[in-house]
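J.: Here you go, this is protein.cif (mmCIF, N, CA and C atoms).
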```
data_my_file
#
loop_
_atom_site.label_atom_id
_atom_site.label_comp_id
_atom_site.auth_asym_id
_atom_site.auth_seq_id
_atom_site.Cartn_x
_atom_site.Cartn_y
_atom_site.Cartn_z
N MET M 6 47.89 309.04 239.18
CA MET M 6 47.06 308.26 240.09
C MET M 6 46.52 307.05 239.35
N LEU M 7 46.62 305.92 239.99
CA LEU M 7 46.08 304.67 239.48
C LEU M 7 44.69 304.48 240.06
N THR M 8 43.70 304.16 239.19
CA THR M 8 42.34 303.93 239.66
C THR M 8 41.85 302.58 239.17
N ALA M 9 40.93 302.01 239.94
CA ALA M 9 40.30 300.73 239.59
C ALA M 9 38.80 300.89 239.74
N LYS M 10 38.07 300.51 238.69
CA LYS M 10 36.60 300.56 238.72
C LYS M 10 36.07 299.20 238.32
N GLN M 11 35.23 298.63 239.17
CA GLN M 11 34.67 297.32 238.88
C GLN M 11 33.69 297.43 237.72
N THR M 12 33.86 296.53 236.74
CA THR M 12 33.01 296.54 235.55
C THR M 12 31.98 295.43 235.57
N SER M 13 32.25 294.39 236.34
CA SER M 13 31.36 293.24 236.38
C SER M 13 31.17 292.77 237.81
N VAL M 14 29.96 292.87 238.30
CA VAL M 14 29.68 292.44 239.67
C VAL M 14 29.85 290.93 239.78
N TRP M 15 29.49 290.20 238.75
CA TRP M 15 29.51 288.75 238.80
C TRP M 15 30.92 288.18 238.77
N ARG M 16 31.82 288.77 237.99
CA ARG M 16 33.17 288.24 237.89
C ARG M 16 34.18 289.04 238.70
N GLY M 17 33.84 290.23 239.12
CA GLY M 17 34.77 291.04 239.89
C GLY M 17 35.84 291.70 239.03
N ARG M 18 35.60 291.81 237.73
CA ARG M 18 36.56 292.39 236.79
C ARG M 18 36.66 293.91 237.02
N TYR M 19 37.89 294.44 236.90
CA TYR M 19 38.14 295.87 237.10
C TYR M 19 38.86 296.47 235.90
N ASP M 20 38.46 297.68 235.52
CA ASP M 20 39.22 298.49 234.58
C ASP M 20 40.21 299.31 235.38
N LEU M 21 41.49 299.26 234.99
CA LEU M 21 42.53 300.03 235.66
C LEU M 21 42.97 301.16 234.75
N SER M 22 43.09 302.36 235.32
CA SER M 22 43.49 303.54 234.56
C SER M 22 44.58 304.27 235.32
N GLN M 23 45.43 304.94 234.56
CA GLN M 23 46.44 305.81 235.17
C GLN M 23 46.20 307.22 234.66
N ASP M 24 45.90 308.11 235.57
CA ASP M 24 45.60 309.50 235.24
C ASP M 24 44.52 309.60 234.16
N GLY M 25 43.50 308.74 234.26
CA GLY M 25 42.37 308.77 233.34
C GLY M 25 42.54 307.97 232.06
N THR M 26 43.73 307.44 231.82
CA THR M 26 44.00 306.65 230.60
C THR M 26 43.92 305.16 230.93
N PRO M 27 43.04 304.40 230.25
CA PRO M 27 42.96 302.96 230.50
C PRO M 27 44.29 302.27 230.21
N ILE M 28 44.72 301.41 231.14
CA ILE M 28 46.01 300.72 230.96
C ILE M 28 45.89 299.21 231.04
N ALA M 29 44.87 298.70 231.76
CA ALA M 29 44.77 297.25 231.95
C ALA M 29 43.38 296.88 232.45
N VAL M 30 43.08 295.59 232.37
CA VAL M 30 41.86 295.03 232.95
C VAL M 30 42.31 293.93 233.91
N TRP M 31 41.90 294.04 235.17
CA TRP M 31 42.18 293.01 236.16
C TRP M 31 41.06 291.98 236.07
N ASP M 32 41.44 290.75 235.75
CA ASP M 32 40.49 289.66 235.58
C ASP M 32 40.77 288.60 236.65
N PRO M 33 40.07 288.69 237.79
CA PRO M 33 40.35 287.75 238.88
C PRO M 33 39.87 286.35 238.56
N SER M 34 40.53 285.38 239.16
CA SER M 34 40.11 283.98 239.04
C SER M 34 38.77 283.80 239.73
N VAL M 35 37.98 282.90 239.20
CA VAL M 35 36.67 282.65 239.78
C VAL M 35 36.77 281.78 241.03
N TRP M 36 37.63 280.76 241.01
CA TRP M 36 37.64 279.78 242.08
C TRP M 36 38.78 279.93 243.08
N LYS M 37 39.76 280.78 242.80
CA LYS M 37 40.86 280.93 243.74
C LYS M 37 41.34 282.37 243.74
N SER M 38 42.14 282.72 244.74
CA SER M 38 42.67 284.08 244.82
C SER M 38 43.71 284.30 243.74
N GLY M 39 43.64 285.45 243.14
CA GLY M 39 44.59 285.78 242.08
C GLY M 39 43.85 286.11 240.80
N GLY M 40 44.59 286.15 239.72
CA GLY M 40 44.00 286.48 238.43
C GLY M 40 45.09 286.87 237.44
N ARG M 41 44.67 287.64 236.42
CA ARG M 41 45.63 288.03 235.38
C ARG M 41 45.31 289.42 234.87
N PHE M 42 46.35 290.04 234.27
CA PHE M 42 46.18 291.32 233.58
C PHE M 42 47.26 291.45 232.53
N GLU M 43 47.01 292.29 231.54
CA GLU M 43 48.01 292.64 230.53
C GLU M 43 48.30 294.11 230.66
N LEU M 44 49.58 294.45 230.57
CA LEU M 44 50.02 295.83 230.71
C LEU M 44 51.13 296.08 229.71
N ALA M 45 50.93 297.05 228.84
CA ALA M 45 51.94 297.43 227.84
C ALA M 45 52.38 296.22 227.02
N GLY M 46 51.42 295.36 226.66
CA GLY M 46 51.72 294.22 225.80
C GLY M 46 52.30 293.01 226.51
N ARG M 47 52.45 293.08 227.82
CA ARG M 47 52.98 291.95 228.59
C ARG M 47 51.87 291.37 229.46
N ALA M 48 51.82 290.05 229.53
CA ALA M 48 50.83 289.37 230.35
C ALA M 48 51.43 289.03 231.71
N TYR M 49 50.64 289.23 232.75
CA TYR M 49 51.06 288.92 234.12
C TYR M 49 50.02 288.04 234.79
N GLN M 50 50.49 287.12 235.61
CA GLN M 50 49.63 286.24 236.39
C GLN M 50 49.89 286.52 237.86
N VAL M 51 48.83 286.66 238.64
CA VAL M 51 48.94 286.87 240.08
C VAL M 51 48.33 285.65 240.77
N ARG M 52 49.07 285.07 241.68
CA ARG M 52 48.61 283.89 242.41
C ARG M 52 48.83 284.11 243.91
N SER M 53 48.00 283.44 244.71
CA SER M 53 48.18 283.54 246.16
C SER M 53 48.21 282.16 246.77
N ASN M 54 48.67 282.12 248.02
CA ASN M 54 48.58 280.87 248.76
C ASN M 54 47.13 280.66 249.20
N ALA M 55 46.85 279.55 249.82
CA ALA M 55 45.48 279.19 250.19
C ALA M 55 44.86 280.19 251.18
N TRP M 56 45.67 280.86 251.99
CA TRP M 56 45.16 281.78 253.00
C TRP M 56 45.09 283.22 252.51
N GLY M 57 45.59 283.50 251.32
CA GLY M 57 45.57 284.86 250.79
C GLY M 57 46.50 285.81 251.50
N THR M 58 47.58 285.26 252.08
CA THR M 58 48.53 286.10 252.82
C THR M 58 49.83 286.30 252.04
N ARG M 59 50.00 285.54 250.96
CA ARG M 59 51.22 285.65 250.15
C ARG M 59 50.82 285.59 248.68
N PHE M 60 51.26 286.58 247.91
CA PHE M 60 50.94 286.67 246.50
C PHE M 60 52.23 286.74 245.69
N THR M 61 52.21 286.17 244.50
CA THR M 61 53.32 286.31 243.58
C THR M 61 52.79 286.80 242.24
N MET M 62 53.61 287.57 241.54
CA MET M 62 53.29 288.01 240.19
C MET M 62 54.37 287.47 239.26
N THR M 63 53.94 286.76 238.22
CA THR M 63 54.86 286.24 237.22
C THR M 63 54.51 286.82 235.86
N ASP M 64 55.51 286.85 234.98
CA ASP M 64 55.25 287.35 233.62
C ASP M 64 54.90 286.18 232.71
N GLU M 65 54.80 286.46 231.39
CA GLU M 65 54.37 285.43 230.43
C GLU M 65 55.37 284.27 230.31
N LEU M 66 56.60 284.47 230.77
CA LEU M 66 57.60 283.39 230.77
C LEU M 66 57.63 282.65 232.11
N ASP M 67 56.67 282.96 232.98
CA ASP M 67 56.55 282.38 234.32
C ASP M 67 57.75 282.74 235.21
N ILE M 68 58.33 283.91 234.96
CA ILE M 68 59.41 284.44 235.79
C ILE M 68 58.80 285.32 236.87
N ARG M 69 59.19 285.07 238.12
CA ARG M 69 58.66 285.84 239.24
C ARG M 69 59.14 287.29 239.14
N VAL M 70 58.19 288.20 239.15
CA VAL M 70 58.47 289.63 239.04
C VAL M 70 58.37 290.30 240.41
N ALA M 71 57.39 289.86 241.21
CA ALA M 71 57.18 290.47 242.53
C ALA M 71 56.51 289.47 243.46
N GLU M 72 56.65 289.76 244.75
CA GLU M 72 56.06 288.90 245.77
C GLU M 72 55.58 289.77 246.93
N ALA M 73 54.36 289.53 247.39
CA ALA M 73 53.81 290.23 248.55
C ALA M 73 53.67 289.24 249.70
N GLU M 74 54.10 289.64 250.88
CA GLU M 74 54.08 288.76 252.05
C GLU M 74 53.33 289.43 253.19
N ARG M 75 52.65 288.60 253.99
CA ARG M 75 51.90 289.03 255.18
C ARG M 75 50.72 289.93 254.82
N VAL M 76 50.14 289.73 253.63
CA VAL M 76 49.00 290.53 253.18
C VAL M 76 47.84 290.31 254.15
N GLY M 77 47.17 291.39 254.50
CA GLY M 77 46.05 291.32 255.43
C GLY M 77 46.44 291.64 256.86
N ARG M 78 47.74 291.67 257.14
CA ARG M 78 48.22 292.04 258.47
C ARG M 78 48.33 293.56 258.54
N LYS M 79 48.60 294.07 259.73
CA LYS M 79 48.75 295.52 259.88
C LYS M 79 49.90 296.04 259.03
N THR M 80 51.01 295.31 259.01
CA THR M 80 52.13 295.67 258.13
C THR M 80 52.41 294.49 257.21
N TRP M 81 52.78 294.79 255.98
CA TRP M 81 53.10 293.76 255.00
C TRP M 81 54.09 294.34 254.01
N THR M 82 54.70 293.48 253.20
CA THR M 82 55.77 293.93 252.30
C THR M 82 55.58 293.39 250.89
N VAL M 83 56.21 294.11 249.96
CA VAL M 83 56.30 293.67 248.57
C VAL M 83 57.78 293.66 248.22
N LEU M 84 58.24 292.54 247.63
CA LEU M 84 59.63 292.39 247.20
C LEU M 84 59.65 292.38 245.68
N ALA M 85 60.48 293.24 245.09
CA ALA M 85 60.61 293.30 243.63
C ALA M 85 61.92 293.96 243.27
N ASP M 86 62.60 293.42 242.27
CA ASP M 86 63.86 293.99 241.78
C ASP M 86 64.87 294.23 242.90
N GLY M 87 64.91 293.32 243.86
CA GLY M 87 65.88 293.45 244.95
C GLY M 87 65.52 294.49 246.00
N ARG M 88 64.34 295.08 245.90
CA ARG M 88 63.91 296.10 246.86
C ARG M 88 62.72 295.59 247.66
N THR M 89 62.60 296.09 248.87
CA THR M 89 61.45 295.78 249.72
C THR M 89 60.65 297.05 249.94
N TYR M 90 59.36 296.97 249.66
CA TYR M 90 58.44 298.09 249.87
C TYR M 90 57.52 297.71 251.03
N ALA M 91 57.42 298.60 252.01
CA ALA M 91 56.62 298.33 253.20
C ALA M 91 55.27 299.04 253.10
N PHE M 92 54.23 298.34 253.54
CA PHE M 92 52.87 298.89 253.57
C PHE M 92 52.31 298.67 254.97
N ARG M 93 51.35 299.53 255.32
CA ARG M 93 50.66 299.33 256.59
C ARG M 93 49.22 299.82 256.48
N ARG M 94 48.37 299.22 257.31
CA ARG M 94 46.99 299.66 257.45
C ARG M 94 46.98 300.63 258.63
N PRO M 95 46.74 301.92 258.39
CA PRO M 95 46.86 302.90 259.47
C PRO M 95 45.75 302.82 260.51
N SER M 96 44.61 302.22 260.17
CA SER M 96 43.51 302.14 261.11
C SER M 96 42.79 300.81 260.96
N PHE M 97 42.43 300.24 262.08
CA PHE M 97 41.68 298.98 262.08
C PHE M 97 40.30 299.18 261.44
N TRP M 98 39.78 300.40 261.51
CA TRP M 98 38.42 300.69 261.07
C TRP M 98 38.31 301.04 259.60
N ARG M 99 39.43 301.21 258.92
CA ARG M 99 39.39 301.60 257.50
C ARG M 99 40.17 300.58 256.67
N HIS M 100 39.89 300.58 255.38
CA HIS M 100 40.57 299.67 254.46
C HIS M 100 41.84 300.27 253.85
N ASP M 101 42.13 301.54 254.11
CA ASP M 101 43.28 302.21 253.50
C ASP M 101 44.56 301.44 253.77
N GLN M 102 45.49 301.54 252.83
CA GLN M 102 46.82 300.96 252.97
C GLN M 102 47.83 302.04 252.60
N GLU M 103 48.83 302.23 253.43
CA GLU M 103 49.85 303.26 253.18
C GLU M 103 51.16 302.62 252.73
N LEU M 104 51.80 303.22 251.74
CA LEU M 104 53.17 302.88 251.36
C LEU M 104 54.07 303.67 252.29
N MET M 105 55.02 302.98 252.92
CA MET M 105 55.85 303.61 253.94
C MET M 105 57.29 303.77 253.47
N ASP M 106 57.91 304.85 253.92
CA ASP M 106 59.35 305.05 253.81
C ASP M 106 59.83 305.25 255.24
N GLY M 107 60.29 304.17 255.85
CA GLY M 107 60.59 304.21 257.28
C GLY M 107 59.30 304.36 258.05
N ASP M 108 59.18 305.42 258.84
CA ASP M 108 57.95 305.68 259.61
C ASP M 108 57.04 306.70 258.92
N THR M 109 57.41 307.12 257.71
CA THR M 109 56.66 308.17 257.02
C THR M 109 55.83 307.60 255.88
N PRO M 110 54.51 307.87 255.88
CA PRO M 110 53.70 307.45 254.73
C PRO M 110 54.03 308.29 253.50
N VAL M 111 54.28 307.62 252.37
CA VAL M 111 54.61 308.33 251.13
C VAL M 111 53.62 308.02 250.01
N GLY M 112 52.71 307.09 250.25
CA GLY M 112 51.71 306.73 249.26
C GLY M 112 50.49 306.16 249.94
N LEU M 113 49.40 306.02 249.17
CA LEU M 113 48.15 305.57 249.76
C LEU M 113 47.31 304.82 248.73
N ILE M 114 46.70 303.74 249.17
CA ILE M 114 45.69 303.03 248.40
C ILE M 114 44.42 303.11 249.22
N ARG M 115 43.34 303.55 248.59
CA ARG M 115 42.09 303.67 249.34
C ARG M 115 40.90 303.30 248.49
N ARG M 116 39.88 302.83 249.15
CA ARG M 116 38.60 302.53 248.49
C ARG M 116 37.88 303.86 248.35
N THR M 117 37.57 304.25 247.13
CA THR M 117 36.93 305.54 246.90
C THR M 117 35.42 305.43 246.90
N SER M 118 34.89 304.23 246.69
CA SER M 118 33.45 304.02 246.74
C SER M 118 33.16 302.58 247.14
N ALA M 119 32.56 302.40 248.30
CA ALA M 119 32.21 301.06 248.74
C ALA M 119 31.03 300.51 247.94
N TRP M 120 30.17 301.38 247.47
CA TRP M 120 28.97 300.94 246.75
C TRP M 120 29.29 300.51 245.33
N ARG M 121 30.30 301.13 244.72
CA ARG M 121 30.64 300.80 243.34
C ARG M 121 31.97 300.07 243.22
N ASN M 122 32.56 299.69 244.34
CA ASN M 122 33.83 298.98 244.35
C ASN M 122 34.87 299.68 243.47
N GLU M 123 35.24 300.86 243.89
CA GLU M 123 36.26 301.65 243.21
C GLU M 123 37.39 301.94 244.19
N ALA M 124 38.60 302.05 243.63
CA ALA M 124 39.78 302.32 244.46
C ALA M 124 40.73 303.23 243.71
N SER M 125 41.59 303.91 244.47
CA SER M 125 42.63 304.73 243.86
C SER M 125 43.93 304.50 244.63
N ALA M 126 45.04 304.73 243.92
CA ALA M 126 46.35 304.54 244.53
C ALA M 126 47.32 305.61 244.04
N GLU M 127 48.05 306.16 244.97
CA GLU M 127 49.19 307.04 244.70
C GLU M 127 50.39 306.32 245.27
N LEU M 128 51.23 305.76 244.40
CA LEU M 128 52.39 304.97 244.83
C LEU M 128 53.65 305.49 244.16
N PRO M 129 54.12 306.66 244.58
CA PRO M 129 55.30 307.24 243.95
C PRO M 129 56.54 306.37 244.13
N GLY M 130 57.31 306.27 243.08
CA GLY M 130 58.56 305.51 243.13
C GLY M 130 58.43 304.06 242.74
N LEU M 131 57.21 303.56 242.60
CA LEU M 131 57.01 302.18 242.18
C LEU M 131 56.80 302.13 240.68
N PRO M 132 57.46 301.20 239.98
CA PRO M 132 57.21 301.04 238.55
C PRO M 132 55.74 300.66 238.33
N LEU M 133 55.20 301.03 237.17
CA LEU M 133 53.78 300.81 236.90
C LEU M 133 53.35 299.35 237.06
N PRO M 134 54.09 298.35 236.55
CA PRO M 134 53.64 296.96 236.78
C PRO M 134 53.54 296.62 238.27
N LEU M 135 54.42 297.17 239.07
CA LEU M 135 54.38 296.91 240.51
C LEU M 135 53.19 297.63 241.15
N GLN M 136 52.88 298.83 240.69
CA GLN M 136 51.69 299.53 241.18
C GLN M 136 50.43 298.72 240.90
N VAL M 137 50.35 298.17 239.69
CA VAL M 137 49.18 297.37 239.32
C VAL M 137 49.13 296.11 240.17
N PHE M 138 50.27 295.47 240.39
CA PHE M 138 50.32 294.29 241.25
C PHE M 138 49.79 294.61 242.65
N VAL M 139 50.26 295.69 243.24
CA VAL M 139 49.82 296.08 244.58
C VAL M 139 48.31 296.33 244.58
N MET M 140 47.82 297.02 243.55
CA MET M 140 46.37 297.29 243.47
C MET M 140 45.58 295.98 243.38
N THR M 141 46.06 295.03 242.57
CA THR M 141 45.32 293.77 242.44
C THR M 141 45.35 292.96 243.73
N VAL M 142 46.45 293.01 244.45
CA VAL M 142 46.54 292.33 245.75
C VAL M 142 45.52 292.94 246.71
N ILE M 143 45.45 294.25 246.76
CA ILE M 143 44.52 294.94 247.65
C ILE M 143 43.08 294.62 247.25
N LEU M 144 42.77 294.68 245.95
CA LEU M 144 41.41 294.37 245.50
C LEU M 144 41.02 292.94 245.88
N THR M 145 41.95 292.01 245.73
CA THR M 145 41.68 290.62 246.08
C THR M 145 41.48 290.47 247.59
N MET M 146 42.29 291.17 248.38
CA MET M 146 42.16 291.12 249.83
C MET M 146 40.81 291.69 250.25
N TRP M 147 40.42 292.83 249.70
CA TRP M 147 39.13 293.44 250.05
C TRP M 147 37.97 292.53 249.66
N ARG M 148 38.09 291.88 248.50
CA ARG M 148 37.03 290.97 248.05
C ARG M 148 36.88 289.80 249.04
N ALA M 149 38.00 289.25 249.48
CA ALA M 149 37.95 288.16 250.46
C ALA M 149 37.37 288.62 251.79
N GLN M 150 37.75 289.82 252.23
CA GLN M 150 37.23 290.35 253.48
C GLN M 150 35.72 290.60 253.38
N ASP M 151 35.29 291.15 252.24
CA ASP M 151 33.86 291.41 252.05
C ASP M 151 33.06 290.11 252.03
N SER M 152 33.62 289.07 251.39
CA SER M 152 32.95 287.78 251.35
C SER M 152 32.85 287.16 252.74
N ALA M 153 33.92 287.30 253.51
CA ALA M 153 33.91 286.74 254.88
C ALA M 153 32.90 287.49 255.75
N ALA M 154 32.80 288.79 255.57
CA ALA M 154 31.87 289.58 256.37
C ALA M 154 30.42 289.26 256.01
N ALA M 155 30.18 288.92 254.76
CA ALA M 155 28.82 288.61 254.32
C ALA M 155 28.38 287.22 254.74
N ALA M 156 29.33 286.35 255.03
CA ALA M 156 29.00 284.96 255.38
C ALA M 156 28.49 284.81 256.78
#
```
Rewrite the structure from the file as structure tokens, please.
T.:
Amino acid sequence: MLTAKQTSVWRGRYDLSQDGTPIAVWDPSVWKSGGRFELAGRAYQVRSNAWGTRFTMTDELDIRVAEAERVGRKTWTVLADGRTYAFRRPSFWRHDQELMDGDTPVGLIRRTSAWRNEASAELPGLPLPLQVFVMTVILTMWRAQDSAAAA
């Protein structure tokens, strides 16, 4: 299980762990959607378009590793290594996101604590860098939604 715990309220920084072992720190950009993290000695940059509906992840050589499209919609996708992974929000009233295999949910990302900004993800079959990418996209989307709701 991948978990994210916010460490800094002011910057929105998150510690990411897999099965209790720290693996990365998500460091979001202050002025725009996206950010960076390092995983297993490799640096990754996550960027989004102006509307926060499309995200890309590049490595330290600026090579595109993954791309998320239609983020924030009921259904959205992630493209990586020639594969397409489908996600959906099962309920308008909740923030959960499900990883789909056809019509069957096979994974879940959920906010585990609204007060402490914590999340967990079970994403079987996705490589770890892709799991982290999906988690950072979701954290960024939730942050934007929370900011819009507070305004």
J.: Taking 3 positions as the minimum chain separation for residues in the same chain, which residues sit within 7 Å of Ala45 of chain M when counting all atoms listed in the file? Answer as a ChimeraX atom specification.
T.: /M:28-29,48
J.: Emit the selected residues as a JSON list (two decimals), keeping the file's coordinate frame, including N, CA and C atoms.
T.:
```json
[["chain", "number", "residue", "atom", "x", "y", "z"],
["M", 28, "ILE", "N", 44.72, 301.41, 231.14],
["M", 28, "ILE", "CA", 46.01, 300.72, 230.96],
["M", 28, "ILE", "C", 45.89, 299.21, 231.04],
["M", 29, "ALA", "N", 44.87, 298.70, 231.76],
["M", 29, "ALA", "CA", 44.77, 297.25, 231.95],
["M", 29, "ALA", "C", 43.38, 296.88, 232.45],
["M", 48, "ALA", "N", 51.82, 290.05, 229.53],
["M", 48, "ALA", "CA", 50.83, 289.37, 230.35],
["M", 48, "ALA", "C", 51.43, 289.03, 231.71]]
```
J.: As a list of chain:residue names, please: every residue in segment 58-91 of chain M that DSSP puts in strand (DSSP E).
T.: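 Strand (DSSP E) assignments inside segment 58-91 of chain M correspond to M:Arg59, M:Phe60, M:Thr61, M:Met62, M:Thr63, M:Asp64, M:Arg69, M:Val70, M:Ala71, M:Glu72, M:Ala73, M:Glu74, M:Thr80, M:Trp81, M:Thr82, M:Val83, M:Leu84, M:Ala85, M:Arg88, M:Thr89, M:Tyr90, M:Ala91.
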J.: Identify all residues satisfying the PyMOL selection byres ((chain M and resi 108-123) around 8) in the given file; provide them as a list in words.
T.: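 Evaluating the PyMOL selection byres ((chain M and resi 108-123) around 8) on these coordinates yields Thr8, Ala9, Lys10, Gln11, Thr12, Arg99, His100, Asp101, Gln102, Glu103, Leu104, Met105, Asp106, Gly107, Ala124, Ser125, Ala126, Glu127, Leu128, Pro129 and Met140 of chain M.
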J.: Using Å and a single decimal, report how far atom CA of Leu133 of chain M sits from atom CA of Thr26 of chain M.
T.: 13.0 Å
J.: In chain M, what's helix (DSSP H, G or I) per DSSP? Answer as an mmCIF file with N, CA and C atoms, in the coordinates of the input?
T.:
```cif
data_model
loop_
_atom_site.group_PDB
_atom_site.id
_atom_site.type_symbol
_atom_site.label_atom_id
_atom_site.label_comp_id
_atom_site.auth_asym_id
_atom_site.auth_seq_id
_atom_site.Cartn_x
_atom_site.Cartn_y
_atom_site.Cartn_z
ATOM 1 N N LEU M 133 55.200 301.030 237.170
ATOM 2 C CA LEU M 133 53.780 300.810 236.900
ATOM 3 C C LEU M 133 53.350 299.350 237.060
ATOM 4 N N PRO M 134 54.090 298.350 236.550
ATOM 5 C CA PRO M 134 53.640 296.960 236.780
ATOM 6 C C PRO M 134 53.540 296.620 238.270
ATOM 7 N N LEU M 135 54.420 297.170 239.070
ATOM 8 C CA LEU M 135 54.380 296.910 240.510
ATOM 9 C C LEU M 135 53.190 297.630 241.150
ATOM 10 N N GLN M 136 52.880 298.830 240.690
ATOM 11 C CA GLN M 136 51.690 299.530 241.180
ATOM 12 C C GLN M 136 50.430 298.720 240.900
ATOM 13 N N VAL M 137 50.350 298.170 239.690
ATOM 14 C CA VAL M 137 49.180 297.370 239.320
ATOM 15 C C VAL M 137 49.130 296.110 240.170
ATOM 16 N N PHE M 138 50.270 295.470 240.390
ATOM 17 C CA PHE M 138 50.320 294.290 241.250
ATOM 18 C C PHE M 138 49.790 294.610 242.650
ATOM 19 N N VAL M 139 50.260 295.690 243.240
ATOM 20 C CA VAL M 139 49.820 296.080 244.580
ATOM 21 C C VAL M 139 48.310 296.330 244.580
ATOM 22 N N MET M 140 47.820 297.020 243.550
ATOM 23 C CA MET M 140 46.370 297.290 243.470
ATOM 24 C C MET M 140 45.580 295.980 243.380
ATOM 25 N N THR M 141 46.060 295.030 242.570
ATOM 26 C CA THR M 141 45.320 293.770 242.440
ATOM 27 C C THR M 141 45.350 292.960 243.730
ATOM 28 N N VAL M 142 46.450 293.010 244.450
ATOM 29 C CA VAL M 142 46.540 292.330 245.750
ATOM 30 C C VAL M 142 45.520 292.940 246.710
ATOM 31 N N ILE M 143 45.450 294.250 246.760
ATOM 32 C CA ILE M 143 44.520 294.940 247.650
ATOM 33 C C ILE M 143 43.080 294.620 247.250
ATOM 34 N N LEU M 144 42.770 294.680 245.950
ATOM 35 C CA LEU M 144 41.410 294.370 245.500
ATOM 36 C C LEU M 144 41.020 292.940 245.880
ATOM 37 N N THR M 145 41.950 292.010 245.730
ATOM 38 C CA THR M 145 41.680 290.620 246.080
ATOM 39 C C THR M 145 41.480 290.470 247.590
ATOM 40 N N MET M 146 42.290 291.170 248.380
ATOM 41 C CA MET M 146 42.160 291.120 249.830
ATOM 42 C C MET M 146 40.810 291.690 250.250
ATOM 43 N N TRP M 147 40.420 292.830 249.700
ATOM 44 C CA TRP M 147 39.130 293.440 250.050
ATOM 45 C C TRP M 147 37.970 292.530 249.660
ATOM 46 N N ARG M 148 38.090 291.880 248.500
ATOM 47 C CA ARG M 148 37.030 290.970 248.050
ATOM 48 C C ARG M 148 36.880 289.800 249.040
ATOM 49 N N ALA M 149 38.000 289.250 249.480
ATOM 50 C CA ALA M 149 37.950 288.160 250.460
ATOM 51 C C ALA M 149 37.370 288.620 251.790
ATOM 52 N N GLN M 150 37.750 289.820 252.230
ATOM 53 C CA GLN M 150 37.230 290.350 253.480
ATOM 54 C C GLN M 150 35.720 290.600 253.380
ATOM 55 N N ASP M 151 35.290 291.150 252.240
ATOM 56 C CA ASP M 151 33.860 291.410 252.050
ATOM 57 C C ASP M 151 33.060 290.110 252.030
ATOM 58 N N SER M 152 33.620 289.070 251.390
ATOM 59 C CA SER M 152 32.950 287.780 251.350
ATOM 60 C C SER M 152 32.850 287.160 252.740
ATOM 61 N N ALA M 153 33.920 287.300 253.510
ATOM 62 C CA ALA M 153 33.910 286.740 254.880
ATOM 63 C C ALA M 153 32.900 287.490 255.750
ATOM 64 N N ALA M 154 32.800 288.790 255.570
ATOM 65 C CA ALA M 154 31.870 289.580 256.370
ATOM 66 C C ALA M 154 30.420 289.260 256.010
ATOM 67 N N ALA M 155 30.180 288.920 254.760
ATOM 68 C CA ALA M 155 28.820 288.610 254.320
ATOM 69 C C ALA M 155 28.380 287.220 254.740
#
```
J.: Specify as an NGL selection string each residue included when the PyMOL selection byres ((chain M and resi 60-76) around 6.5) is applied to this file.
T.: :M and (47-54 or 57-59 or 77-78 or 80-86)
J.: Have a look at atom CA of Arg93 of chain M and atom CA of Gly39 of chain M and let me know their distance in Å, one decimal.
T.: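 Result for atom CA of Arg93 of chain M versus atom CA of Gly39 of chain M: 20.8 Å, one decimal.
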J.: Could you jot down the atom C of Lys79 of chain M to atom N of Ser38 of chain M separation for me, Å, one decimal place?
T.: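 Separating atom C of Lys79 of chain M from atom N of Ser38 of chain M is a distance of 21.0 Å.
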J.: Taking only N, CA and C atoms into account, which of M:Phe138, M:Trp56, M:Phe92, M:Trp31 comes nearest Arg16 of chain M?
T.: M:Trp31
J.: So that I can see what lies close to Asp24 of chain M, please list as JSON, numbers by chain the residues with an atom at most 8 Å from it, counting all atoms listed in the file and leaving out residues fewer than 3 positions away in the same chain.
T.: {"M": [6, 7, 8, 21, 27]}
